[in-house]
file coords_20.txt (compact mmCIF, C-alpha atoms)
# COMPACT_ATOMS: atom_id res chain seq x y z
CA MET A 897 128.34 68.67 154.53
CA PHE A 898 125.26 70.88 154.38
CA ALA A 899 126.13 72.43 151.00
CA ALA A 900 126.34 69.03 149.29
CA GLY A 901 123.03 67.98 150.87
CA LEU A 902 121.45 71.24 149.79
CA ARG A 903 122.54 70.75 146.17
CA HIS A 904 121.03 67.25 146.24
CA ILE A 905 117.76 68.56 147.66
CA GLU A 906 117.62 71.41 145.15
CA SER A 907 118.18 69.06 142.21
CA PHE A 908 115.53 66.70 143.59
CA ASN A 909 113.00 69.53 143.89
CA ARG A 910 113.53 71.47 140.65
CA GLY A 911 110.54 73.59 139.82
CA ARG A 912 109.25 73.88 143.40
CA ARG A 913 109.45 77.34 144.90
CA ILE A 914 109.44 78.45 148.48
CA SER A 915 108.95 82.11 149.12
CA PRO A 916 111.61 83.71 151.26
CA SER A 917 110.72 85.06 154.69
CA PRO A 918 112.12 88.20 156.29
CA TYR A 919 114.06 86.08 158.80
CA ASN A 920 115.22 83.30 156.55
CA SER A 921 116.14 83.89 152.97
CA HIS A 922 117.01 80.26 152.41
CA ALA A 923 114.46 77.44 152.52
CA THR A 924 114.26 74.28 150.48
CA THR A 925 111.89 71.38 150.29
CA TYR A 926 112.70 67.79 150.97
CA GLY A 927 109.90 65.66 149.59
CA SER A 928 106.75 67.33 150.85
CA ARG A 929 108.44 68.78 153.93
CA ALA A 930 110.04 72.23 153.89
CA MET A 931 113.56 72.40 155.26
CA VAL A 932 114.08 75.67 157.08
CA ALA A 933 117.43 77.34 157.64
CA VAL A 934 118.55 78.81 160.94
CA LYS A 935 121.53 81.11 161.35
CA HIS A 936 124.45 79.40 163.06
CA GLU A 937 125.03 82.40 165.32
CA ASP A 938 121.37 82.50 166.40
CA LEU A 939 121.32 78.76 167.09
CA SER A 940 124.60 78.86 169.02
CA MET A 941 123.57 81.83 171.18
CA ALA A 942 120.16 80.29 171.90
CA PHE A 943 121.76 76.97 172.84
CA ASP A 944 124.12 78.77 175.25
CA PHE A 945 121.17 80.70 176.72
CA VAL A 946 119.12 77.52 177.27
CA SER A 947 122.10 75.64 178.70
CA TYR A 948 123.26 78.45 181.00
CA ALA A 949 120.43 77.81 183.45
CA ALA A 950 118.83 74.72 184.90
CA PRO A 951 116.75 72.73 182.40
CA MET A 952 113.39 74.39 181.62
CA GLU A 953 114.36 77.73 183.23
CA HIS A 954 115.43 79.31 179.93
CA ASN A 955 113.91 78.16 176.64
CA ALA A 956 114.45 78.95 172.99
CA TYR A 957 112.48 77.81 169.96
CA VAL A 958 113.12 77.78 166.21
CA SER A 959 110.20 78.61 163.95
CA LEU A 960 109.86 75.82 161.41
CA ASP A 961 108.30 78.35 159.02
CA THR A 962 110.88 81.15 159.16
CA GLY A 963 113.99 79.93 161.00
CA ARG A 964 113.59 82.75 163.50
CA VAL A 965 114.67 81.95 167.06
CA TYR A 966 112.48 82.99 170.01
CA TRP A 967 113.77 83.17 173.58
CA THR A 968 111.78 82.81 176.82
CA SER A 969 112.80 82.77 180.46
CA ASP A 970 111.04 82.01 183.72
CA SER A 971 113.23 84.62 185.41
CA ASN A 972 113.10 87.50 182.88
CA ASP A 973 109.97 88.80 181.14
CA ALA A 974 112.03 90.99 178.76
CA PHE A 975 112.28 88.07 176.34
CA ASP A 976 108.50 87.63 176.19
CA GLU A 977 107.67 90.82 174.24
CA ASP A 978 107.74 89.42 170.70
CA ILE A 979 106.72 85.83 171.46
CA PRO A 980 103.95 84.14 169.44
CA ASP A 981 100.97 83.08 171.56
CA ASP A 982 101.18 79.46 170.40
CA LEU A 983 104.95 79.12 170.88
CA GLU A 984 104.81 76.30 173.43
CA THR A 985 101.76 74.52 171.99
CA SER A 986 102.20 74.63 168.20
CA ASP A 987 104.06 71.99 166.24
CA ARG A 988 105.52 74.83 164.12
CA TYR A 989 108.22 75.57 166.73
CA LEU A 990 111.06 73.31 167.74
CA ALA A 991 112.53 73.65 171.24
CA ILE A 992 116.29 74.06 171.25
CA PRO A 993 117.73 71.40 173.55
CA HIS A 994 119.54 71.94 176.84
CA LYS A 995 123.13 70.69 176.91
CA ASN A 996 122.05 67.82 179.17
CA ASP A 997 119.60 66.65 176.48
CA LEU A 998 122.57 66.15 174.16
CA ASP A 999 124.84 64.57 176.81
CA LEU A 1000 127.03 67.68 176.87
CA GLY A 1001 127.06 68.21 180.63
CA ARG A 1002 128.32 65.71 183.18
CA THR A 1003 128.57 62.94 180.57
CA LEU A 1004 130.86 65.02 178.35
CA ALA A 1005 133.09 65.98 181.28
CA LEU A 1006 133.46 62.35 182.30
CA ARG A 1007 134.20 61.31 178.72
CA PHE A 1008 136.95 63.95 178.56
CA VAL A 1009 138.46 62.80 181.85
CA ALA A 1010 138.39 59.17 180.71
CA GLN A 1011 140.44 60.21 177.64
CA GLU A 1012 142.79 62.80 179.11
CA LEU A 1013 143.06 62.06 182.86
CA PRO A 1014 141.95 58.47 183.44
CA ALA A 1015 143.62 58.36 186.87
CA CYS A 1016 141.29 61.18 188.00
CA TYR A 1017 138.05 59.61 186.78
CA ASP A 1018 136.72 58.52 190.20
CA GLN A 1019 137.60 61.89 191.71
CA VAL A 1020 135.76 63.80 188.97
CA GLU A 1021 132.79 61.45 189.17
CA GLY A 1022 132.66 62.35 192.87
CA PHE A 1023 132.62 66.06 191.99
CA PHE A 1024 129.35 65.56 190.16
CA GLN A 1025 127.63 64.11 193.22
CA ARG A 1026 127.18 67.58 194.76
CA GLN A 1027 126.88 71.25 193.87
CA GLY A 1028 129.85 73.16 192.54
CA ALA A 1029 131.02 70.29 190.37
CA TYR A 1030 132.08 72.39 187.38
CA SER A 1031 134.21 74.78 189.39
CA ARG A 1032 136.00 71.85 191.07
CA PHE A 1033 136.30 70.12 187.68
CA LYS A 1034 137.84 73.20 186.05
CA ASP A 1035 140.18 73.74 189.01
CA LEU A 1036 141.46 70.18 188.54
CA LEU A 1037 141.90 70.72 184.79
CA ARG A 1038 143.82 73.94 185.47
CA ARG A 1039 146.12 72.17 187.96
CA GLU A 1040 146.70 69.33 185.49
CA GLY A 1041 147.40 71.79 182.64
CA VAL A 1042 144.57 70.62 180.36
CA LEU A 1043 141.98 73.38 180.79
CA GLU A 1044 142.47 74.74 177.25
CA VAL A 1045 142.30 71.19 175.88
CA TRP A 1046 138.94 70.84 177.68
CA TYR A 1047 137.60 74.06 176.17
CA THR A 1048 138.49 72.86 172.67
CA PHE A 1049 137.02 69.40 173.31
CA GLU A 1050 133.83 70.94 174.70
CA ALA A 1051 133.41 73.42 171.81
CA ASP A 1052 133.98 70.70 169.20
CA SER A 1053 131.52 68.38 170.94
CA VAL A 1054 128.84 71.08 171.16
CA GLU A 1055 129.29 71.97 167.48
CA ARG A 1056 129.02 68.32 166.42
CA ALA A 1057 125.97 67.68 168.62
CA LEU A 1058 124.13 70.80 167.38
CA ARG A 1059 124.80 69.92 163.75
CA GLN A 1060 123.54 66.39 164.34
CA TRP A 1061 120.45 67.72 166.15
CA CYS A 1062 119.74 70.06 163.21
CA ALA A 1063 120.12 67.24 160.69
CA GLU A 1064 117.80 64.99 162.71
CA ASN A 1065 115.20 67.76 162.88
CA GLY A 1066 115.34 68.94 159.27
CA LEU A 1067 117.09 72.24 159.97
CA GLU A 1068 119.76 73.65 157.70
CA ILE A 1069 122.49 75.77 159.29
CA LEU A 1070 123.38 79.08 157.62
CA GLU A 1071 127.00 79.83 158.40
CA ALA A 1072 126.97 83.60 157.98
call {"tool": "encode", "arguments": {"input": "coords_20.txt", "output": "structure tokens"}}
result
Amino acid sequence: MFAAGLRHIESFNRGRRISPSPYNSHATTYGSRAMVAVKHEDLSMAFDFVSYAAPMEHNAYVSLDTGRVYWTSDSNDAFDEDIPDDLETSDRYLAIPHKNDLDLGRTLALRFVAQELPACYDQVEGFFQRQGAYSRFKDLLRREGVLEVWYTFEADSVERALRQWCAENGLEILEA
């Protein structure tokens, strides 16, 4: 999907040049707006980092100039060493979303249960009314023999949502 779009953009912008950066050797222009590339692995790891904690506890940002990903955390200053001063105030950085921002938390779990275990829907919905929901949810999936199906469903949903988020925000994903 991205390769075909890239060829279209490159043919549209013949003659324009974008100088490569040390972090991103692949940038193109789309109209007057530069499209920056971010490494899939960097994006995926940053998304997991942001989503591991409560919203706003861990943050990650993509530089719209270089494609470099910056990580910050309220609980660990080790990430703050190489952070630009204007990271949270400049429009040149895009915050990587938390899984809840992309409906990949409770909503995704309930969607899975509606498809795979509809008789358990009310029970799982009840899990999410108090703490420890995911451990109870996964215990149920294990007992019902669909835990691996859940992991595949979740991974596919995350991948699709991140690709859509990148497309909506003018980011190209570099696969390797």
call {"tool": "residues_around", "arguments": {"input": "coords_20.txt", "residues": "His954 (chain A)", "least_positions_apart": "3", "cutoff": "8 Å", "atoms": "all atoms listed in the file", "output": "list in words"}}
result
Phe945, Val946, Ser947, Tyr948, Ala949, Ala950, Pro951, Trp967, Thr968, Ser969, Asp970 and Ser971 of chain A
call {"tool": "atom_distance", "arguments": {"input": "coords_20.txt", "atom1": "CA of Leu1006 (chain A)", "atom2": "CA of Gln1025 (chain A)"}}
result
12.5 Å
call {"tool": "residues_around", "arguments": {"input": "coords_20.txt", "residues": "Leu1013 (chain A)", "least_positions_apart": "3", "cutoff": "12 Å", "atoms": "all atoms listed in the file", "output": "count of residues only"}}
result
21
call {"tool": "closest_residue", "arguments": {"input": "coords_20.txt", "among": "A:Leu1004, A:Arg964, A:Glu1021, A:Gln1027", "to": "Asp1052 (chain A)", "atoms": "only C-alpha atoms"}}
result
A:Leu1004
call {"tool": "closest_residue", "arguments": {"input": "coords_20.txt", "among": "A:Ala933, A:Val1054, A:Ile992, A:Ala1015", "to": "Leu1070 (chain A)", "atoms": "all atoms listed in the file"}}
result
A:Ala933
call {"tool": "build_atoms", "arguments": {"input": "coords_20.txt", "residues": "region 992-1014 of chain A", "atoms": "N, CA and C atoms", "output": "PDB file, keeping the file's coordinate frame"}}
result
ATOM      1  N   ILE A 992     114.848  74.283 171.295  1.00  0.00           N
ATOM      2  CA  ILE A 992     116.290  74.060 171.250  1.00  0.00           C
ATOM      3  C   ILE A 992     116.677  73.306 172.516  1.00  0.00           C
ATOM      4  N   PRO A 993     117.452  72.247 172.383  1.00  0.00           N
ATOM      5  CA  PRO A 993     117.730  71.400 173.550  1.00  0.00           C
ATOM      6  C   PRO A 993     118.684  72.053 174.543  1.00  0.00           C
ATOM      7  N   HIS A 994     118.583  71.605 175.779  1.00  0.00           N
ATOM      8  CA  HIS A 994     119.540  71.940 176.840  1.00  0.00           C
ATOM      9  C   HIS A 994     120.759  71.051 176.635  1.00  0.00           C
ATOM     10  N   LYS A 995     121.910  71.491 177.091  1.00  0.00           N
ATOM     11  CA  LYS A 995     123.130  70.690 176.910  1.00  0.00           C
ATOM     12  C   LYS A 995     122.988  69.292 177.493  1.00  0.00           C
ATOM     13  N   ASN A 996     122.223  69.152 178.572  1.00  0.00           N
ATOM     14  CA  ASN A 996     122.050  67.820 179.170  1.00  0.00           C
ATOM     15  C   ASN A 996     121.261  66.895 178.250  1.00  0.00           C
ATOM     16  N   ASP A 997     120.369  67.467 177.432  1.00  0.00           N
ATOM     17  CA  ASP A 997     119.600  66.650 176.480  1.00  0.00           C
ATOM     18  C   ASP A 997     120.498  66.020 175.426  1.00  0.00           C
ATOM     19  N   LEU A 998     121.639  66.638 175.176  1.00  0.00           N
ATOM     20  CA  LEU A 998     122.570  66.150 174.160  1.00  0.00           C
ATOM     21  C   LEU A 998     123.813  65.502 174.782  1.00  0.00           C
ATOM     22  N   ASP A 999     123.719  65.172 176.070  1.00  0.00           N
ATOM     23  CA  ASP A 999     124.840  64.570 176.810  1.00  0.00           C
ATOM     24  C   ASP A 999     126.091  65.439 176.761  1.00  0.00           C
ATOM     25  N   LEU A1000     125.899  66.750 176.925  1.00  0.00           N
ATOM     26  CA  LEU A1000     127.030  67.680 176.870  1.00  0.00           C
ATOM     27  C   LEU A1000     127.334  68.297 178.235  1.00  0.00           C
ATOM     28  N   GLY A1001     126.789  67.738 179.284  1.00  0.00           N
ATOM     29  CA  GLY A1001     127.060  68.210 180.630  1.00  0.00           C
ATOM     30  C   GLY A1001     128.025  67.265 181.330  1.00  0.00           C
ATOM     31  N   ARG A1002     127.537  66.650 182.379  1.00  0.00           N
ATOM     32  CA  ARG A1002     128.320  65.710 183.180  1.00  0.00           C
ATOM     33  C   ARG A1002     128.918  64.592 182.315  1.00  0.00           C
ATOM     34  N   THR A1003     128.114  64.045 181.418  1.00  0.00           N
ATOM     35  CA  THR A1003     128.570  62.940 180.570  1.00  0.00           C
ATOM     36  C   THR A1003     129.778  63.338 179.730  1.00  0.00           C
ATOM     37  N   LEU A1004     129.739  64.543 179.171  1.00  0.00           N
ATOM     38  CA  LEU A1004     130.860  65.020 178.350  1.00  0.00           C
ATOM     39  C   LEU A1004     132.112  65.198 179.206  1.00  0.00           C
ATOM     40  N   ALA A1005     131.943  65.785 180.392  1.00  0.00           N
ATOM     41  CA  ALA A1005     133.090  65.980 181.280  1.00  0.00           C
ATOM     42  C   ALA A1005     133.733  64.649 181.646  1.00  0.00           C
ATOM     43  N   LEU A1006     132.916  63.658 181.948  1.00  0.00           N
ATOM     44  CA  LEU A1006     133.460  62.350 182.300  1.00  0.00           C
ATOM     45  C   LEU A1006     134.130  61.666 181.110  1.00  0.00           C
ATOM     46  N   ARG A1007     133.576  61.866 179.925  1.00  0.00           N
ATOM     47  CA  ARG A1007     134.200  61.310 178.720  1.00  0.00           C
ATOM     48  C   ARG A1007     135.584  61.940 178.497  1.00  0.00           C
ATOM     49  N   PHE A1008     135.664  63.253 178.707  1.00  0.00           N
ATOM     50  CA  PHE A1008     136.950  63.950 178.560  1.00  0.00           C
ATOM     51  C   PHE A1008     137.962  63.417 179.567  1.00  0.00           C
ATOM     52  N   VAL A1009     137.548  63.280 180.811  1.00  0.00           N
ATOM     53  CA  VAL A1009     138.460  62.800 181.850  1.00  0.00           C
ATOM     54  C   VAL A1009     138.919  61.376 181.549  1.00  0.00           C
ATOM     55  N   ALA A1010     138.016  60.540 181.058  1.00  0.00           N
ATOM     56  CA  ALA A1010     138.390  59.170 180.710  1.00  0.00           C
ATOM     57  C   ALA A1010     139.479  59.156 179.638  1.00  0.00           C
ATOM     58  N   GLN A1011     139.438  60.117 178.712  1.00  0.00           N
ATOM     59  CA  GLN A1011     140.440  60.210 177.640  1.00  0.00           C
ATOM     60  C   GLN A1011     141.739  60.846 178.105  1.00  0.00           C
ATOM     61  N   GLU A1012     141.614  61.970 178.816  1.00  0.00           N
ATOM     62  CA  GLU A1012     142.790  62.800 179.110  1.00  0.00           C
ATOM     63  C   GLU A1012     143.401  62.563 180.493  1.00  0.00           C
ATOM     64  N   LEU A1013     142.576  62.222 181.481  1.00  0.00           N
ATOM     65  CA  LEU A1013     143.060  62.060 182.860  1.00  0.00           C
ATOM     66  C   LEU A1013     142.432  60.822 183.502  1.00  0.00           C
ATOM     67  N   PRO A1014     142.649  59.658 182.935  1.00  0.00           N
ATOM     68  CA  PRO A1014     141.950  58.470 183.440  1.00  0.00           C
ATOM     69  C   PRO A1014     142.188  58.201 184.928  1.00  0.00           C
TER      70      PRO A1014
END
